[in-house]
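Trainee: Take a look at the following structure, please.
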Amino acid sequence: MNYDNLRHSCAHLLAKAVLDLWPGSHNAIGPAIENGFYQDFDMGDVKISEADLPKIEKKMKDILKGWTHFEYKEVNLQEARKLFAHNPYKIELLEEFAEGGKKLLTNNPGGFLDLCKMTHVENPNKEMQHFKLLSTAGAYWRGSEKNKMLTRIYGTCWPTQKELDDYLTMLEESKKRDHRKLGKELDLFTFSDLVGPGLPLFTPKGTIIRRELENFVQSLQEPFGYQRVMIPHLAKTELYKKSGHWSKYKENMFQVTSDEGVKFAMKPMNCPHHIELFARKQHSYRDMPQRYSEVTSVYRQEKTGELIGLTRVYMLTQDDAHNFCTEEQAVQESLNVYHIIKDFYAAFNFSVGMKVRLSLRDPQHSEKYLGDNATWKKSEDMMREVAKKAGLKVYEGIGEAAFYAPKLDFMAYDSLGREWQLATIQLDLNFADRFDLKYTDKDGKEKRPVIIHRAILGSVERFMSILIEHYAGAFPTWLAPVQAVVLPISDKFAPYALSVLESLKEACIRAELNDKNEPLNARVRDAEMQKIPYILVVGDKEVREKSVAVRKRGQKESQTQKVEEFISQALADIIAKV
RNA sequence: GCCUCCUUAGCUUAGUGGUAAAGCAGCGGUUUCGUAAACCGCGGACGCUAGUCCGAUUCUAGCAGGAGGCUCCA
């Protein structure tokens, strides 16, 4: 179902309402977007905020009554200049369209003339009744910081009231899954004003999840011959000058100067370090590929306004690896990486809802990239071959490549529908040349290795944020910071509860005892709210039978099991990752 | 960085130009309980810095922190 016409029509209605309420304001563009629309305005000195939205909505409803249809007309440049003389944004657009040889089209619903190529609904006053304005925002004209900041109003519109209500309910529900909210409630991470923004502190519970994720990815990649390495988190700025990162990321690097005047940077990526590791000695084709892997942090100066919870931070941790291989090995090596990604994400049922982007160079701006056209063609072709052999449906992202290599990026969505990059495979034919890396081939000649840069989680922090929202905090047993809680019905049974706890701990199940002086109901409630997978209640009966009353998360009914029986079931869950 | 909005206790919230209310959590008791909140009591906060004012948590400004957004092009 495509509601673009409806939503785009609604953006016109919004424009008319704002222009009526604030004479002298100008509307810029107002496209339909996923689930709604927006309209940009130059409001002059007027400030509008969310508090104004109800007033605008009311005005829209009034205006809508008079909108029976959209009248279309093609105009020539001269006419258009006259018609939109008052609006510099429309003038800029129409001059540009005319220059590009495009037709100039206008529409005129209820006497409101606008420049627009799109098609609209047939019966505005019948079809457009179910809308809601959602938020205001600042947005640069045409997205460029160099341009004026306009006021953007976001809204949504649906064919029926029910669909509108359902959508609004869905938005509310999504907010409850927000990882920042759950992170606090489940005590997974925190921020300190004194430590600084964009620098999350992980609690003992949050750290358990991180460790489990790291161990899991390690267990998947080990069979593929990865070797672990360790590098310092600083490097002389010369390293980044050589790699080319310096000119590209200079303003995003954290710099440190030593007493001796040598300039260091906190590493914003790991490739140059790993490359220097490879360069330490001669390599034979027999030793290829060399796969250096490491879970390590990088430091990036982001625009302060762009920091978001764990998804965008100053220090992020990558499960990074650089695989140095021969050109003949590169496609297969990339496919092996894909297998790890596939297995990893399948464990979380992430296969649905993830998109794969083939991130390519923008040929219009070849100056932004290392290497020549032929090299890029080759690496992009190889990347395409990987995607094809992996059976991946990809969409192309022109200009999304790294400055040194094309990528396959695996994208996920957060609770507000924002798209984020997680896993990545990058096939790099440039850095080896830049750093003069080589190996000796069968024929005794020196050749350039190919470098596969890859990450499975991408950023551990970002992956966690997506994961928290994916599970709404109810982690599968293997990830749950507390896997089981033992609740004695009263003090009398505390010794037995303690012995159960000991047995669980011996079996390496993360268990806690809650013998606080509170009624059982209250402690069950606590455990449910903490989303603990297993609640084990013990009383008279359990002491007699050496058993536990097991209540699985989400189930009302409990089931009595021998302690050993429960332990083997829980361990089976953990191994099966459910 | 820029635009708009927000900041009251550990958390969620109430409220005021005359220094503030509550629930949960915490602590101390009482209670000894069978699957989503037992009872009594006790501590604890107006983000920071200026300004206006007799007086600021409340108004203004700056700073810090947070939220949403910053091409899905007429």
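Identifiers in this document derive from the order of the structure tokens: chains are assigned A, B, ..., residues are numbered from 1 separately in each chain, and ligands are numbered from 1 in order of occurrence.
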Do you know which residues are at most 12 Å from G65 in chain B counting only C-alpha atoms (C1' of nucleotides), after dropping those on the same chain fewer than 4 positions away, and could you put them as a ChimeraX atom specification?
Mentor: /A:191-198,304-305,307 /B:6-7,47-48
Trainee: Enumerate as a ChimeraX atom specification the residues belonging to chain B that approach chain A to within 7 Å, with only C-alpha atoms (C1' of nucleotides) taken into account.
Mentor: /B:1,3-4,32-38,65,68-72,74
Trainee: Can you work out the spacing between CA of Ile341 in chain A and CA of Ile456 in chain A in Å, to one decimal?
Mentor: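 These atoms are spaced 5.7 Å apart.
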Trainee: With only C-alpha atoms (C1' of nucleotides) as the counted atoms, please give the residues lying no more than 9 Å from range 271-277 of chain A, apart from itself and same-chain residues fewer than 6 positions off, as a PyMOL selection string.
Mentor: chain A and resi 229-232+235+239-240+242-243+292-293+320-322+324+431-432+435+437+451+453
Trainee: Might you pull out every residue within 9 Å of Gly225 in chain A, with only C-alpha atoms (C1' of nucleotides) counted and same-chain residues fewer than 6 positions away left off, and present them as JSON, numbers by chain?
Mentor: {"A": [289, 290, 291]}
Trainee: A:Ile466, A:Val543, A:Met382, A:Leu234: which is nearest Thr311 in chain A, counting only C-alpha atoms?
Mentor: A:Ile466
Trainee: Taking only C-alpha atoms (C1' of nucleotides) into account, name the residue in B:C73, B:G44, B:G23, B:G18 that is nearest to A56 in chain B.
Mentor: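 Looking only at the distances to A56 in chain B, the closest residue turns out to be B:G18.
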Trainee: Near range 501-506 of chain A, within 12 Å and counting only C-alpha atoms (C1' of nucleotides), which residues show up once chain neighbours fewer than 5 positions away are dropped, as a count of residues only?
Mentor: 33
Trainee: List as a PyMOL selection string the protein and nucleic acid residues near range 385-394 of chain A, meaning an atom at most 7 Å away when only C-alpha atoms (C1' of nucleotides) are counted, but skip any in the same chain fewer than 3 places from it.
Mentor: chain A and resi 331+334-335+356-358+381-382
Trainee: With only C-alpha atoms as the basis for distance, which of A:Phe348, A:Tyr3, A:Phe216, A:Tyr38 is at the shortest distance from Thr119 in chain A?
Mentor: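 Between A:Phe348, A:Tyr3, A:Phe216, A:Tyr38, the residue approaching Thr119 in chain A most closely is A:Tyr3.
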Trainee: Could you pull out the strand (DSSP E or B) residues of range 1-244 of chain A, going by DSSP on the backbone, and write them as a ChimeraX atom specification?
Mentor: /A:26-27,32-33,36-42,72-75,104-107,114-115,130-140,149-158,189-190,201-202,227-228,234-236
Trainee: With N, CA and C atoms kept, could you save the residues just selected as a short mmCIF file (atom, residue, chain, number, x, y, z; two decimals), in the first residue's frame?
Mentor:
data_model
loop_
_atom_site.label_atom_id
_atom_site.label_comp_id
_atom_site.auth_asym_id
_atom_site.auth_seq_id
_atom_site.Cartn_x
_atom_site.Cartn_y
_atom_site.Cartn_z
N HIS A 26 7.25 31.41 4.46
CA HIS A 26 7.34 30.76 3.15
C HIS A 26 7.44 29.26 3.33
N ASN A 27 6.78 28.52 2.45
CA ASN A 27 6.98 27.08 2.50
C ASN A 27 8.06 26.67 1.51
N ALA A 32 6.31 13.35 0.94
CA ALA A 32 5.84 12.21 1.73
C ALA A 32 7.08 11.44 2.16
N ILE A 33 7.05 10.93 3.38
CA ILE A 33 8.15 10.10 3.85
C ILE A 33 7.56 8.82 4.39
N GLY A 36 4.54 9.05 6.81
CA GLY A 36 4.02 10.39 7.02
C GLY A 36 4.55 11.40 6.02
N PHE A 37 4.77 12.59 6.50
CA PHE A 37 5.22 13.66 5.62
C PHE A 37 5.89 14.74 6.47
N TYR A 38 6.59 15.64 5.79
CA TYR A 38 7.01 16.86 6.48
C TYR A 38 6.88 18.02 5.54
N GLN A 39 6.95 19.23 6.12
CA GLN A 39 6.93 20.43 5.30
C GLN A 39 7.89 21.41 5.95
N ASP A 40 8.78 21.99 5.14
CA ASP A 40 9.73 22.96 5.66
C ASP A 40 9.22 24.38 5.45
N PHE A 41 9.49 25.25 6.43
CA PHE A 41 9.07 26.65 6.35
C PHE A 41 10.21 27.57 6.72
N ASP A 42 10.25 28.71 6.05
CA ASP A 42 11.05 29.82 6.53
C ASP A 42 10.08 30.70 7.30
N TYR A 72 -4.42 21.13 -11.83
CA TYR A 72 -3.03 21.14 -12.31
C TYR A 72 -2.87 22.05 -13.50
N LYS A 73 -1.70 22.62 -13.62
CA LYS A 73 -1.43 23.49 -14.77
C LYS A 73 0.07 23.51 -15.03
N GLU A 74 0.42 23.45 -16.30
CA GLU A 74 1.83 23.63 -16.63
C GLU A 74 2.06 25.10 -16.95
N VAL A 75 3.14 25.64 -16.43
CA VAL A 75 3.41 27.05 -16.69
C VAL A 75 4.80 27.20 -17.29
N LEU A 104 7.44 22.72 -15.69
CA LEU A 104 7.05 23.39 -14.45
C LEU A 104 5.57 23.18 -14.22
N LEU A 105 5.24 22.48 -13.16
CA LEU A 105 3.85 22.14 -12.89
C LEU A 105 3.38 22.82 -11.61
N THR A 106 2.16 23.28 -11.64
CA THR A 106 1.59 23.85 -10.41
C THR A 106 0.29 23.12 -10.09
N ASN A 107 -0.11 23.23 -8.85
CA ASN A 107 -1.43 22.75 -8.48
C ASN A 107 -2.08 23.78 -7.60
N ASP A 114 0.67 26.16 -5.58
CA ASP A 114 1.99 25.69 -5.18
C ASP A 114 2.67 25.05 -6.38
N LEU A 115 4.00 25.05 -6.31
CA LEU A 115 4.81 24.43 -7.36
C LEU A 115 4.99 22.97 -6.97
N HIS A 130 -7.73 12.09 8.21
CA HIS A 130 -7.12 11.41 9.35
C HIS A 130 -5.63 11.68 9.43
N PHE A 131 -5.31 12.87 9.92
CA PHE A 131 -3.91 13.24 10.03
C PHE A 131 -3.58 13.70 11.43
N LYS A 132 -2.31 13.76 11.73
CA LYS A 132 -1.85 14.31 13.01
C LYS A 132 -0.46 14.88 12.83
N LEU A 133 -0.25 16.06 13.39
CA LEU A 133 1.08 16.65 13.37
C LEU A 133 1.86 16.09 14.56
N LEU A 134 3.11 15.74 14.35
CA LEU A 134 3.85 15.01 15.38
C LEU A 134 4.95 15.82 16.06
N SER A 135 5.70 16.57 15.29
CA SER A 135 6.84 17.24 15.92
C SER A 135 7.35 18.38 15.04
N THR A 136 8.14 19.23 15.64
CA THR A 136 8.82 20.27 14.88
C THR A 136 10.31 20.02 14.98
N ALA A 137 11.04 20.56 14.03
CA ALA A 137 12.48 20.34 14.03
C ALA A 137 13.12 21.43 13.19
N GLY A 138 14.41 21.61 13.38
CA GLY A 138 15.14 22.49 12.50
C GLY A 138 15.73 21.67 11.37
N ALA A 139 15.79 22.19 10.19
CA ALA A 139 16.38 21.46 9.08
C ALA A 139 16.99 22.46 8.12
N TYR A 140 18.24 22.23 7.73
CA TYR A 140 18.88 23.14 6.80
C TYR A 140 18.22 23.03 5.43
N MET A 149 18.72 27.72 8.25
CA MET A 149 18.00 26.70 9.01
C MET A 149 16.51 27.00 8.91
N LEU A 150 15.77 26.04 8.38
CA LEU A 150 14.32 26.21 8.25
C LEU A 150 13.63 25.49 9.40
N THR A 151 12.33 25.73 9.50
CA THR A 151 11.54 25.03 10.51
C THR A 151 10.79 23.91 9.82
N ARG A 152 10.95 22.71 10.31
CA ARG A 152 10.28 21.57 9.70
C ARG A 152 9.18 21.07 10.63
N ILE A 153 8.05 20.77 10.05
CA ILE A 153 6.96 20.17 10.84
C ILE A 153 6.71 18.77 10.28
N TYR A 154 6.74 17.79 11.17
CA TYR A 154 6.47 16.41 10.77
C TYR A 154 5.04 16.04 11.12
N GLY A 155 4.42 15.25 10.27
CA GLY A 155 3.08 14.77 10.55
C GLY A 155 2.86 13.42 9.91
N THR A 156 1.69 12.85 10.19
CA THR A 156 1.36 11.59 9.55
C THR A 156 -0.10 11.65 9.11
N CYS A 157 -0.42 10.85 8.10
CA CYS A 157 -1.79 10.87 7.57
C CYS A 157 -2.14 9.47 7.09
N TRP A 158 -3.36 9.03 7.37
CA TRP A 158 -3.79 7.68 7.03
C TRP A 158 -5.19 7.72 6.43
N PHE A 189 23.51 0.11 31.83
CA PHE A 189 24.55 1.12 31.61
C PHE A 189 24.05 2.45 32.11
N THR A 190 24.97 3.40 32.23
CA THR A 190 24.59 4.72 32.72
C THR A 190 25.52 5.77 32.12
N LEU A 201 28.88 4.19 30.70
CA LEU A 201 29.53 3.35 31.70
C LEU A 201 28.70 2.08 31.82
N PHE A 202 29.33 0.94 31.65
CA PHE A 202 28.58 -0.32 31.72
C PHE A 202 28.60 -0.88 33.13
N GLN A 227 43.29 -14.99 14.42
CA GLN A 227 44.25 -14.90 15.51
C GLN A 227 44.02 -13.59 16.24
N ARG A 228 44.11 -13.64 17.56
CA ARG A 228 43.84 -12.42 18.31
C ARG A 228 45.12 -11.61 18.46
N LEU A 234 46.66 4.58 21.12
CA LEU A 234 47.22 5.83 20.62
C LEU A 234 48.13 5.53 19.44
N ALA A 235 48.33 6.51 18.62
CA ALA A 235 49.35 6.39 17.57
C ALA A 235 49.80 7.78 17.19
N LYS A 236 51.01 7.86 16.67
CA LYS A 236 51.48 9.15 16.17
C LYS A 236 50.57 9.58 15.03
#
Trainee: So that I can see what lies close to U13 in chain B, please list as JSON, numbers by chain the residues with an atom at most 12 Å from it, counting only C-alpha atoms (C1' of nucleotides) and leaving out residues fewer than 6 positions away in the same chain.
Mentor: {"B": [21, 22, 23, 24]}
Trainee: Please compute the CA of Trp420 in chain A-CA of Glu163 in chain A distance, one decimal, in Å.
Mentor: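 Pair CA of Trp420 in chain A / CA of Glu163 in chain A returns 26.9 Å.
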